[in-house]
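Trainee: My structure is stored as final-v5.pdb, with PDB, C-alpha atoms, pLDDT in the B column.
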```pdb
ATOM      1  CA  MET A  26       0.000   0.000   0.000  1.00 41.00           C
ATOM      2  CA  SER A  27       1.164   3.528  -0.652  1.00 40.00           C
ATOM      3  CA  ARG A  28       2.285   5.925   2.038  1.00 61.00           C
ATOM      4  CA  ALA A  29      -1.226   7.346   2.404  1.00 79.00           C
ATOM      5  CA  SER A  30      -3.673   5.135   4.270  1.00 92.00           C
ATOM      6  CA  LEU A  31      -6.732   3.790   2.518  1.00 92.00           C
ATOM      7  CA  THR A  32      -8.893   6.014   4.728  1.00 93.00           C
ATOM      8  CA  GLU A  33      -6.903   9.072   3.629  1.00 96.00           C
ATOM      9  CA  LEU A  34      -7.163   8.077  -0.031  1.00 96.00           C
ATOM     10  CA  VAL A  35     -10.927   7.579   0.296  1.00 96.00           C
ATOM     11  CA  GLY A  36     -11.234  10.975   1.987  1.00 96.00           C
ATOM     12  CA  ASP A  37      -9.119  12.635  -0.698  1.00 96.00           C
ATOM     13  CA  TYR A  38     -11.294  11.149  -3.428  1.00 97.00           C
ATOM     14  CA  VAL A  39     -14.594  11.983  -1.717  1.00 96.00           C
ATOM     15  CA  HIS A  40     -13.544  15.609  -1.240  1.00 96.00           C
ATOM     16  CA  ASP A  41     -12.102  15.964  -4.751  1.00 96.00           C
ATOM     17  CA  PRO A  42     -13.256  13.144  -7.068  1.00 96.00           C
ATOM     18  CA  ARG A  43     -10.756  13.649  -9.857  1.00 96.00           C
ATOM     19  CA  PRO A  44      -9.722  10.633 -11.955  1.00 96.00           C
ATOM     20  CA  GLU A  45      -6.117  10.717 -10.688  1.00 96.00           C
ATOM     21  CA  ARG A  46      -7.341  10.466  -7.076  1.00 97.00           C
ATOM     22  CA  LEU A  47      -9.517   7.491  -7.977  1.00 97.00           C
ATOM     23  CA  ARG A  48      -6.548   5.929  -9.763  1.00 95.00           C
ATOM     24  CA  ARG A  49      -4.414   6.301  -6.601  1.00 96.00           C
ATOM     25  CA  LEU A  50      -7.189   4.828  -4.440  1.00 96.00           C
ATOM     26  CA  ARG A  51      -7.752   1.875  -6.758  1.00 96.00           C
ATOM     27  CA  SER A  52      -4.025   1.274  -7.075  1.00 95.00           C
ATOM     28  CA  ALA A  53      -3.747   1.081  -3.282  1.00 95.00           C
ATOM     29  CA  VAL A  54      -6.578  -1.477  -3.201  1.00 96.00           C
ATOM     30  CA  THR A  55      -5.173  -3.655  -5.991  1.00 95.00           C
ATOM     31  CA  GLY A  56      -1.646  -3.327  -4.571  1.00 93.00           C
ATOM     32  CA  SER A  57      -2.740  -4.693  -1.219  1.00 94.00           C
ATOM     33  CA  PRO A  58      -1.586  -8.232  -0.362  1.00 95.00           C
ATOM     34  CA  THR A  59      -5.231  -9.078   0.361  1.00 95.00           C
ATOM     35  CA  PHE A  60      -6.488  -8.025  -3.083  1.00 95.00           C
ATOM     36  CA  ASP A  61      -8.193 -10.937  -4.834  1.00 93.00           C
ATOM     37  CA  PRO A  62      -9.775 -10.227  -8.239  1.00 92.00           C
ATOM     38  CA  GLY A  63     -11.861 -13.366  -7.726  1.00 91.00           C
ATOM     39  CA  LEU A  64     -13.158 -12.323  -4.297  1.00 92.00           C
ATOM     40  CA  ASP A  65     -15.721 -14.905  -3.182  1.00 92.00           C
ATOM     41  CA  LEU A  66     -17.830 -13.498  -0.354  1.00 91.00           C
ATOM     42  CA  VAL A  67     -19.733 -16.754   0.079  1.00 89.00           C
ATOM     43  CA  ALA A  68     -16.469 -18.564   0.793  1.00 91.00           C
ATOM     44  CA  VAL A  69     -15.311 -15.793   3.126  1.00 91.00           C
ATOM     45  CA  ALA A  70     -18.453 -15.299   5.196  1.00 93.00           C
ATOM     46  CA  GLY A  71     -21.366 -17.291   3.783  1.00 90.00           C
ATOM     47  CA  ALA A  72     -21.429 -20.153   6.272  1.00 91.00           C
ATOM     48  CA  ALA A  73     -20.894 -17.858   9.252  1.00 94.00           C
ATOM     49  CA  LEU A  74     -23.773 -15.629   8.161  1.00 91.00           C
ATOM     50  CA  GLU A  75     -26.078 -18.589   7.508  1.00 91.00           C
ATOM     51  CA  GLU A  76     -25.317 -19.969  10.964  1.00 94.00           C
ATOM     52  CA  GLY A  77     -25.803 -16.583  12.631  1.00 94.00           C
ATOM     53  CA  ARG A  78     -22.150 -16.259  13.626  1.00 96.00           C
ATOM     54  CA  ILE A  79     -22.072 -12.536  12.899  1.00 96.00           C
ATOM     55  CA  ASP A  80     -18.754 -11.847  14.649  1.00 97.00           C
ATOM     56  CA  ASP A  81     -17.065 -14.606  12.623  1.00 96.00           C
ATOM     57  CA  ALA A  82     -18.533 -13.191   9.412  1.00 96.00           C
ATOM     58  CA  ILE A  83     -17.299  -9.701  10.282  1.00 97.00           C
ATOM     59  CA  ARG A  84     -13.837 -11.054  11.110  1.00 96.00           C
ATOM     60  CA  GLY A  85     -13.737 -12.987   7.844  1.00 96.00           C
ATOM     61  CA  LEU A  86     -14.826 -10.011   5.786  1.00 95.00           C
ATOM     62  CA  THR A  87     -12.569  -7.487   7.497  1.00 96.00           C
ATOM     63  CA  SER A  88      -9.621  -9.850   7.020  1.00 95.00           C
ATOM     64  CA  THR A  89     -10.042  -9.324   3.265  1.00 95.00           C
ATOM     65  CA  MET A  90      -9.533  -5.576   3.632  1.00 95.00           C
ATOM     66  CA  PRO A  91      -8.028  -3.421   2.241  1.00 95.00           C
ATOM     67  CA  GLY A  92      -8.002  -5.721  -0.793  1.00 95.00           C
ATOM     68  CA  ALA A  93     -11.799  -6.006  -0.791  1.00 96.00           C
ATOM     69  CA  ALA A  94     -12.264  -2.253  -0.508  1.00 97.00           C
ATOM     70  CA  LEU A  95     -14.372  -0.756  -3.289  1.00 97.00           C
ATOM     71  CA  SER A  96     -16.254  -4.048  -3.664  1.00 97.00           C
ATOM     72  CA  PRO A  97     -19.913  -2.998  -3.494  1.00 97.00           C
ATOM     73  CA  SER A  98     -20.946  -6.454  -2.263  1.00 96.00           C
ATOM     74  CA  ALA A  99     -18.251  -6.719   0.395  1.00 96.00           C
ATOM     75  CA  HIS A 100     -19.292  -3.390   1.896  1.00 97.00           C
ATOM     76  CA  ALA A 101     -23.011  -4.225   1.641  1.00 96.00           C
ATOM     77  CA  VAL A 102     -22.522  -7.574   3.392  1.00 96.00           C
ATOM     78  CA  LEU A 103     -20.402  -5.912   6.076  1.00 96.00           C
ATOM     79  CA  ALA A 104     -23.109  -3.271   6.543  1.00 97.00           C
ATOM     80  CA  ALA A 105     -25.751  -5.957   7.033  1.00 95.00           C
ATOM     81  CA  ALA A 106     -23.530  -7.852   9.478  1.00 96.00           C
ATOM     82  CA  PHE A 107     -22.791  -4.738  11.541  1.00 97.00           C
ATOM     83  CA  GLU A 108     -26.483  -3.857  11.511  1.00 96.00           C
ATOM     84  CA  ALA A 109     -27.359  -7.360  12.761  1.00 95.00           C
ATOM     85  CA  LYS A 110     -24.843  -6.873  15.539  1.00 95.00           C
ATOM     86  CA  GLY A 111     -26.382  -3.519  16.456  1.00 96.00           C
ATOM     87  CA  ASP A 112     -23.367  -1.421  15.457  1.00 98.00           C
ATOM     88  CA  GLU A 113     -25.223   1.259  13.518  1.00 98.00           C
ATOM     89  CA  ALA A 114     -22.182   3.540  13.089  1.00 98.00           C
ATOM     90  CA  ALA A 115     -20.160   0.765  11.431  1.00 97.00           C
ATOM     91  CA  ALA A 116     -23.187  -0.292   9.355  1.00 98.00           C
ATOM     92  CA  ARG A 117     -23.644   3.304   8.152  1.00 98.00           C
ATOM     93  CA  ARG A 118     -19.945   3.555   7.248  1.00 97.00           C
ATOM     94  CA  GLU A 119     -20.115   0.336   5.220  1.00 97.00           C
ATOM     95  CA  ARG A 120     -23.336   1.411   3.457  1.00 98.00           C
ATOM     96  CA  LEU A 121     -21.584   4.641   2.466  1.00 97.00           C
ATOM     97  CA  MET A 122     -18.588   2.643   1.200  1.00 97.00           C
ATOM     98  CA  ALA A 123     -20.909   0.374  -0.827  1.00 98.00           C
ATOM     99  CA  GLU A 124     -22.503   3.465  -2.371  1.00 98.00           C
ATOM    100  CA  LEU A 125     -19.101   5.053  -3.002  1.00 97.00           C
ATOM    101  CA  SER A 126     -17.917   1.825  -4.635  1.00 98.00           C
ATOM    102  CA  LEU A 127     -20.777   1.968  -7.129  1.00 98.00           C
ATOM    103  CA  THR A 128     -20.311   5.703  -7.700  1.00 97.00           C
ATOM    104  CA  THR A 129     -16.633   5.211  -8.510  1.00 97.00           C
ATOM    105  CA  ILE A 130     -17.508   2.611 -11.138  1.00 98.00           C
ATOM    106  CA  LEU A 131     -20.105   4.877 -12.732  1.00 98.00           C
ATOM    107  CA  SER A 132     -17.598   7.740 -12.821  1.00 97.00           C
ATOM    108  CA  THR A 133     -15.234   5.803 -15.072  1.00 97.00           C
ATOM    109  CA  GLY A 134     -17.285   5.560 -18.255  1.00 97.00           C
ATOM    110  CA  ASP A 135     -20.772   5.321 -19.654  1.00 97.00           C
ATOM    111  CA  GLY A 136     -21.098   1.561 -20.103  1.00 97.00           C
ATOM    112  CA  THR A 137     -20.622   1.640 -23.865  1.00 96.00           C
ATOM    113  CA  ARG A 138     -18.013  -0.441 -25.631  1.00 94.00           C
ATOM    114  CA  GLU A 139     -16.118   2.764 -26.467  1.00 93.00           C
ATOM    115  CA  HIS A 140     -16.204   3.977 -22.830  1.00 95.00           C
ATOM    116  CA  PRO A 141     -16.760   0.937 -20.604  1.00 96.00           C
ATOM    117  CA  TRP A 142     -17.143   1.204 -16.870  1.00 97.00           C
ATOM    118  CA  SER A 143     -13.930   0.252 -15.099  1.00 96.00           C
ATOM    119  CA  VAL A 144     -14.094  -2.388 -12.341  1.00 97.00           C
ATOM    120  CA  LEU A 145     -11.536  -4.112 -10.151  1.00 96.00           C
ATOM    121  CA  ARG A 146     -13.312  -7.478 -10.148  1.00 95.00           C
ATOM    122  CA  VAL A 147     -15.815  -9.249 -12.393  1.00 93.00           C
ATOM    123  CA  ALA A 148     -18.107  -9.482  -9.344  1.00 94.00           C
ATOM    124  CA  ASP A 149     -18.249  -5.666  -9.345  1.00 97.00           C
ATOM    125  CA  GLU A 150     -19.876  -5.843 -12.789  1.00 97.00           C
ATOM    126  CA  TYR A 151     -22.713  -7.920 -11.401  1.00 96.00           C
ATOM    127  CA  ASP A 152     -23.066  -5.589  -8.401  1.00 97.00           C
ATOM    128  CA  LEU A 153     -23.604  -2.647 -10.726  1.00 97.00           C
ATOM    129  CA  LEU A 154     -25.972  -4.572 -12.980  1.00 97.00           C
ATOM    130  CA  ARG A 155     -27.999  -5.676  -9.933  1.00 96.00           C
ATOM    131  CA  THR A 156     -28.324  -2.116  -8.611  1.00 95.00           C
ATOM    132  CA  ARG A 157     -29.526  -0.950 -12.031  1.00 95.00           C
ATOM    133  CA  GLY A 158     -32.091  -3.768 -12.196  1.00 96.00           C
ATOM    134  CA  VAL A 159     -30.368  -5.367 -15.185  1.00 96.00           C
ATOM    135  CA  THR A 160     -30.242  -9.120 -15.707  1.00 96.00           C
ATOM    136  CA  SER A 161     -27.363 -10.294 -17.856  1.00 97.00           C
ATOM    137  CA  VAL A 162     -28.520 -13.016 -20.228  1.00 97.00           C
ATOM    138  CA  GLU A 163     -25.214 -13.230 -22.072  1.00 96.00           C
ATOM    139  CA  GLN A 164     -21.653 -12.224 -21.259  1.00 95.00           C
ATOM    140  CA  LEU A 165     -19.077 -11.464 -23.927  1.00 93.00           C
ATOM    141  CA  THR A 166     -15.409 -11.369 -22.934  1.00 93.00           C
ATOM    142  CA  LEU A 167     -12.843  -9.714 -25.182  1.00 92.00           C
ATOM    143  CA  THR A 168      -9.326  -8.390 -24.928  1.00 89.00           C
ATOM    144  CA  GLU A 169      -9.052  -4.874 -26.305  1.00 84.00           C
ATOM    145  CA  GLY A 170      -6.039  -2.624 -25.972  1.00 81.00           C
ATOM    146  CA  GLY A 171      -4.374  -5.076 -23.608  1.00 81.00           C
ATOM    147  CA  ARG A 172      -7.234  -5.173 -21.125  1.00 83.00           C
ATOM    148  CA  LEU A 173     -10.090  -7.534 -20.392  1.00 87.00           C
ATOM    149  CA  VAL A 174     -13.429  -6.133 -21.528  1.00 94.00           C
ATOM    150  CA  ASP A 175     -16.749  -7.748 -20.625  1.00 95.00           C
ATOM    151  CA  GLY A 176     -19.999  -7.010 -22.396  1.00 97.00           C
ATOM    152  CA  HIS A 177     -23.309  -7.961 -20.853  1.00 98.00           C
ATOM    153  CA  VAL A 178     -26.431  -8.328 -22.936  1.00 97.00           C
ATOM    154  CA  ASP A 179     -29.675  -7.683 -21.077  1.00 96.00           C
ATOM    155  CA  GLU A 180     -33.110  -9.174 -21.718  1.00 95.00           C
ATOM    156  CA  ASP A 181     -33.900  -6.430 -24.266  1.00 95.00           C
ATOM    157  CA  GLY A 182     -30.668  -6.951 -26.227  1.00 96.00           C
ATOM    158  CA  ASN A 183     -28.937  -3.844 -24.829  1.00 96.00           C
ATOM    159  CA  GLN A 184     -25.207  -4.139 -24.188  1.00 97.00           C
ATOM    160  CA  LEU A 185     -23.360  -2.788 -21.148  1.00 97.00           C
ATOM    161  CA  TRP A 186     -19.573  -2.881 -21.139  1.00 97.00           C
ATOM    162  CA  PHE A 187     -16.956  -3.125 -18.395  1.00 97.00           C
ATOM    163  CA  ALA A 188     -13.169  -3.063 -18.403  1.00 95.00           C
ATOM    164  CA  VAL A 189     -11.551  -5.186 -15.713  1.00 93.00           C
ATOM    165  CA  GLU A 190      -8.551  -3.159 -14.632  1.00 86.00           C
ATOM    166  CA  SER A 191      -5.331  -4.729 -13.468  1.00 69.00           C
ATOM    167  CA  ARG A 192      -2.935  -3.214 -10.983  1.00 55.00           C
ATOM    168  CA  ARG A 193      -0.503  -2.566 -13.820  1.00 50.00           C
ATOM    169  CA  SER A 194      -3.026  -0.580 -15.836  1.00 50.00           C
ATOM    170  CA  LEU A 195      -3.990   1.485 -12.788  1.00 53.00           C
ATOM    171  CA  GLU A 196      -0.387   2.298 -11.935  1.00 49.00           C
ATOM    172  CA  GLY A 197       0.434   3.051 -15.557  1.00 49.00           C
ATOM    173  CA  GLY A 198      -2.142   5.801 -15.737  1.00 44.00           C
ATOM    174  CA  ALA A 199      -4.785   3.971 -17.736  1.00 41.00           C
ATOM    175  CA  ARG A 200      -8.151   5.660 -17.798  1.00 39.00           C
ATOM    176  CA  SER A 201      -9.979   4.720 -14.619  1.00 37.00           C
TER     177      SER A 201
END
```
Rewrite the structure from the file as structure tokens, please.
Mentor:
Amino acid sequence: MSRASLTELVGDYVHDPRPERLRRLRSAVTGSPTFDPGLDLVAVAGAALEEGRIDDAIRGLTSTMPGAALSPSAHAVLAAAFEAKGDEAAARRERLMAELSLTTILSTGDGTREHPWSVLRVADEYDLLRTRGVTSVEQLTLTEGGRLVDGHVDEDGNQLWFAVESRRSLEGGARS
């Protein structure tokens, strides 16, 4: 992680949401030893949540941070777990982070093939689709310009596009 803490980078971005600040924030997340582009929340906390072991679920989820930061689902699940535990301040913080995670994705493009939304994980694509009420009936995966690009076709035949950004592309100044 860079010299600035993740909290500082989030604060910097929230107060001045320029692309270079988002790039620094995302680079810190993907540069974390706990970053996993295939983050599987069910494996991390699913059983604990199903069994009502809220503290274990919170421990499991927080152990994935800062690498799971900016994952809309990770923050939403943490918010629900903190709410179940009665920690409203922590739940509110995680709900805000889930919202910020989605906002950062939307700030990176317009979802067209020419200007796809940038995500850190494929799961983030589905988080955004879910919040927009879109069901993907087909997924197209291409490599364009050295990056992975996913297209989702909805039930009406509309296409929404995402670029899955790597740490290298974020550090190299790729559009984020």
Trainee: Would you compute the distance between atom CA of Ser126 of chain A and atom CA of Leu95 of chain A? Give it in Å to one decimal.
Mentor: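 Going from atom CA of Ser126 of chain A over to atom CA of Leu95 of chain A covers 4.6 Å.
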Trainee: Given the PyMOL selection byres ((chain A and resi 107-111) around 12) and the file above, list the residues it selects as a PDB file with C-alpha atoms, in the frame of the given file.
Mentor:
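Saved as expr22.pdb:
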```
ATOM      1  CA  LEU A  74     -23.773 -15.629   8.161  1.00 91.00           C
ATOM      2  CA  GLY A  77     -25.803 -16.583  12.631  1.00 94.00           C
ATOM      3  CA  ARG A  78     -22.150 -16.259  13.626  1.00 96.00           C
ATOM      4  CA  ILE A  79     -22.072 -12.536  12.899  1.00 96.00           C
ATOM      5  CA  ASP A  80     -18.754 -11.847  14.649  1.00 97.00           C
ATOM      6  CA  ASP A  81     -17.065 -14.606  12.623  1.00 96.00           C
ATOM      7  CA  ALA A  82     -18.533 -13.191   9.412  1.00 96.00           C
ATOM      8  CA  ILE A  83     -17.299  -9.701  10.282  1.00 97.00           C
ATOM      9  CA  ARG A  84     -13.837 -11.054  11.110  1.00 96.00           C
ATOM     10  CA  LEU A  86     -14.826 -10.011   5.786  1.00 95.00           C
ATOM     11  CA  THR A  87     -12.569  -7.487   7.497  1.00 96.00           C
ATOM     12  CA  HIS A 100     -19.292  -3.390   1.896  1.00 97.00           C
ATOM     13  CA  ALA A 101     -23.011  -4.225   1.641  1.00 96.00           C
ATOM     14  CA  VAL A 102     -22.522  -7.574   3.392  1.00 96.00           C
ATOM     15  CA  LEU A 103     -20.402  -5.912   6.076  1.00 96.00           C
ATOM     16  CA  ALA A 104     -23.109  -3.271   6.543  1.00 97.00           C
ATOM     17  CA  ALA A 105     -25.751  -5.957   7.033  1.00 95.00           C
ATOM     18  CA  ALA A 106     -23.530  -7.852   9.478  1.00 96.00           C
ATOM     19  CA  ASP A 112     -23.367  -1.421  15.457  1.00 98.00           C
ATOM     20  CA  GLU A 113     -25.223   1.259  13.518  1.00 98.00           C
ATOM     21  CA  ALA A 114     -22.182   3.540  13.089  1.00 98.00           C
ATOM     22  CA  ALA A 115     -20.160   0.765  11.431  1.00 97.00           C
ATOM     23  CA  ALA A 116     -23.187  -0.292   9.355  1.00 98.00           C
ATOM     24  CA  ARG A 117     -23.644   3.304   8.152  1.00 98.00           C
ATOM     25  CA  ARG A 118     -19.945   3.555   7.248  1.00 97.00           C
ATOM     26  CA  GLU A 119     -20.115   0.336   5.220  1.00 97.00           C
ATOM     27  CA  ARG A 120     -23.336   1.411   3.457  1.00 98.00           C
TER      28      ARG A 120
END
```
Trainee: I'd like the contact shell of Arg46 of chain A - 9 Å cut-off, all atoms listed in the file, skipping same-chain residues fewer than 4 positions apart - returned as an mmCIF file with C-alpha atoms, keeping the file's coordinate frame.
Mentor:
```cif
data_model
loop_
_atom_site.group_PDB
_atom_site.id
_atom_site.type_symbol
_atom_site.label_atom_id
_atom_site.label_comp_id
_atom_site.auth_asym_id
_atom_site.auth_seq_id
_atom_site.Cartn_x
_atom_site.Cartn_y
_atom_site.Cartn_z
ATOM 1 C CA LEU A 34 -7.163 8.077 -0.031
ATOM 2 C CA VAL A 35 -10.927 7.579 0.296
ATOM 3 C CA ASP A 37 -9.119 12.635 -0.698
ATOM 4 C CA TYR A 38 -11.294 11.149 -3.428
ATOM 5 C CA ASP A 41 -12.102 15.964 -4.751
ATOM 6 C CA PRO A 42 -13.256 13.144 -7.068
ATOM 7 C CA LEU A 50 -7.189 4.828 -4.440
ATOM 8 C CA ARG A 51 -7.752 1.875 -6.758
#
```
Trainee: Residues picked by the PyMOL selection byres ((chain A and resi 159) around 12) here, as JSON, numbers by chain?
Mentor: {"A": [150, 151, 152, 153, 154, 155, 156, 157, 158, 160, 161, 162, 163, 177, 178, 179, 180, 181, 182, 183, 184, 185]}
Trainee: May I ask for the distance between atom CA of Asp175 of chain A and atom CA of Phe187 of chain A, given in Å to one decimal place?
Mentor: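 If I compute the distance from atom CA of Asp175 of chain A to atom CA of Phe187 of chain A, I get 5.1 Å.
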Trainee: Have a look at atom CA of Gly134 of chain A and atom CA of Gln164 of chain A and let me know their distance in Å, one decimal.
Mentor: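 The value is 18.6 Å.
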Trainee: Go through A:Thr59, A:Thr168, A:Ser96, A:Ser30 one by one, measure the shortest atom-to-atom distance of each to Thr128 of chain A using only C-alpha atoms, and give the residue with the smallest value.
Mentor: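 Answer, going by the shortest atom-to-atom distance: A:Ser96.
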Trainee: Residues at most 10 Å from Ser57 of chain A, counting only C-alpha atoms, excluding those fewer than 3 positions away in the same chain, as a PyMOL selection string?
Mentor: chain A and resi 26-27+51-54+60-61+89-94+192
Trainee: Please enclose the listed atoms of segment 151-164 of chain A in an axis-aligned box, pad each side by 6 Å, and write out the centre and the three edge lengths in Å, rounded to one decimal, as AutoDock Vina command-line options.
Mentor:
```
--center_x -26.9 --center_y -7.1 --center_z -15.2 --size_x 22.4 --size_y 24.3 --size_z 25.7
```
Trainee: Just checking: using only C-alpha atoms, which residue out of A:Val189, A:Leu64, A:Val39, A:Ala148 ends up closest to Leu125 of chain A?
Mentor: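 Among A:Val189, A:Leu64, A:Val39, A:Ala148, it is A:Val39 that comes nearest to Leu125 of chain A.
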Trainee: Excluding Leu173 of chain A and any residue of its chain fewer than 6 positions from it, enumerate the residues within 8 Å of it, using only C-alpha atoms, and give them as a list in words.
Mentor: Thr166, Leu167, Ala188, Val189 and Glu190 of chain A
Trainee: Counting all atoms listed in the file, which of A:Ala68, A:Val174, A:Leu121, A:Leu165 gets nearest to Leu145 of chain A?
Mentor: A:Val174
Trainee: Closest to Gly63 of chain A among A:Ala123, A:Asp149, A:Ser132, A:Glu75, using all atoms listed in the file?
Mentor: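 Answer, going by the shortest atom-to-atom distance: A:Asp149.
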Trainee: Which one of A:Ser88, A:Arg43, A:Ala70, A:Leu127 sits closest to Pro58 of chain A if you count all atoms listed in the file?
Mentor: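 Among the listed residues, the smallest separation from Pro58 of chain A belongs to A:Ser88.
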Trainee: I need the residue nearest Ile130 of chain A from this list: A:Thr55, A:Arg172, A:Trp186, A:Ala72. Use only C-alpha atoms for the distance.
Mentor: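 Among the listed residues, A:Trp186 lies closest to Ile130 of chain A.
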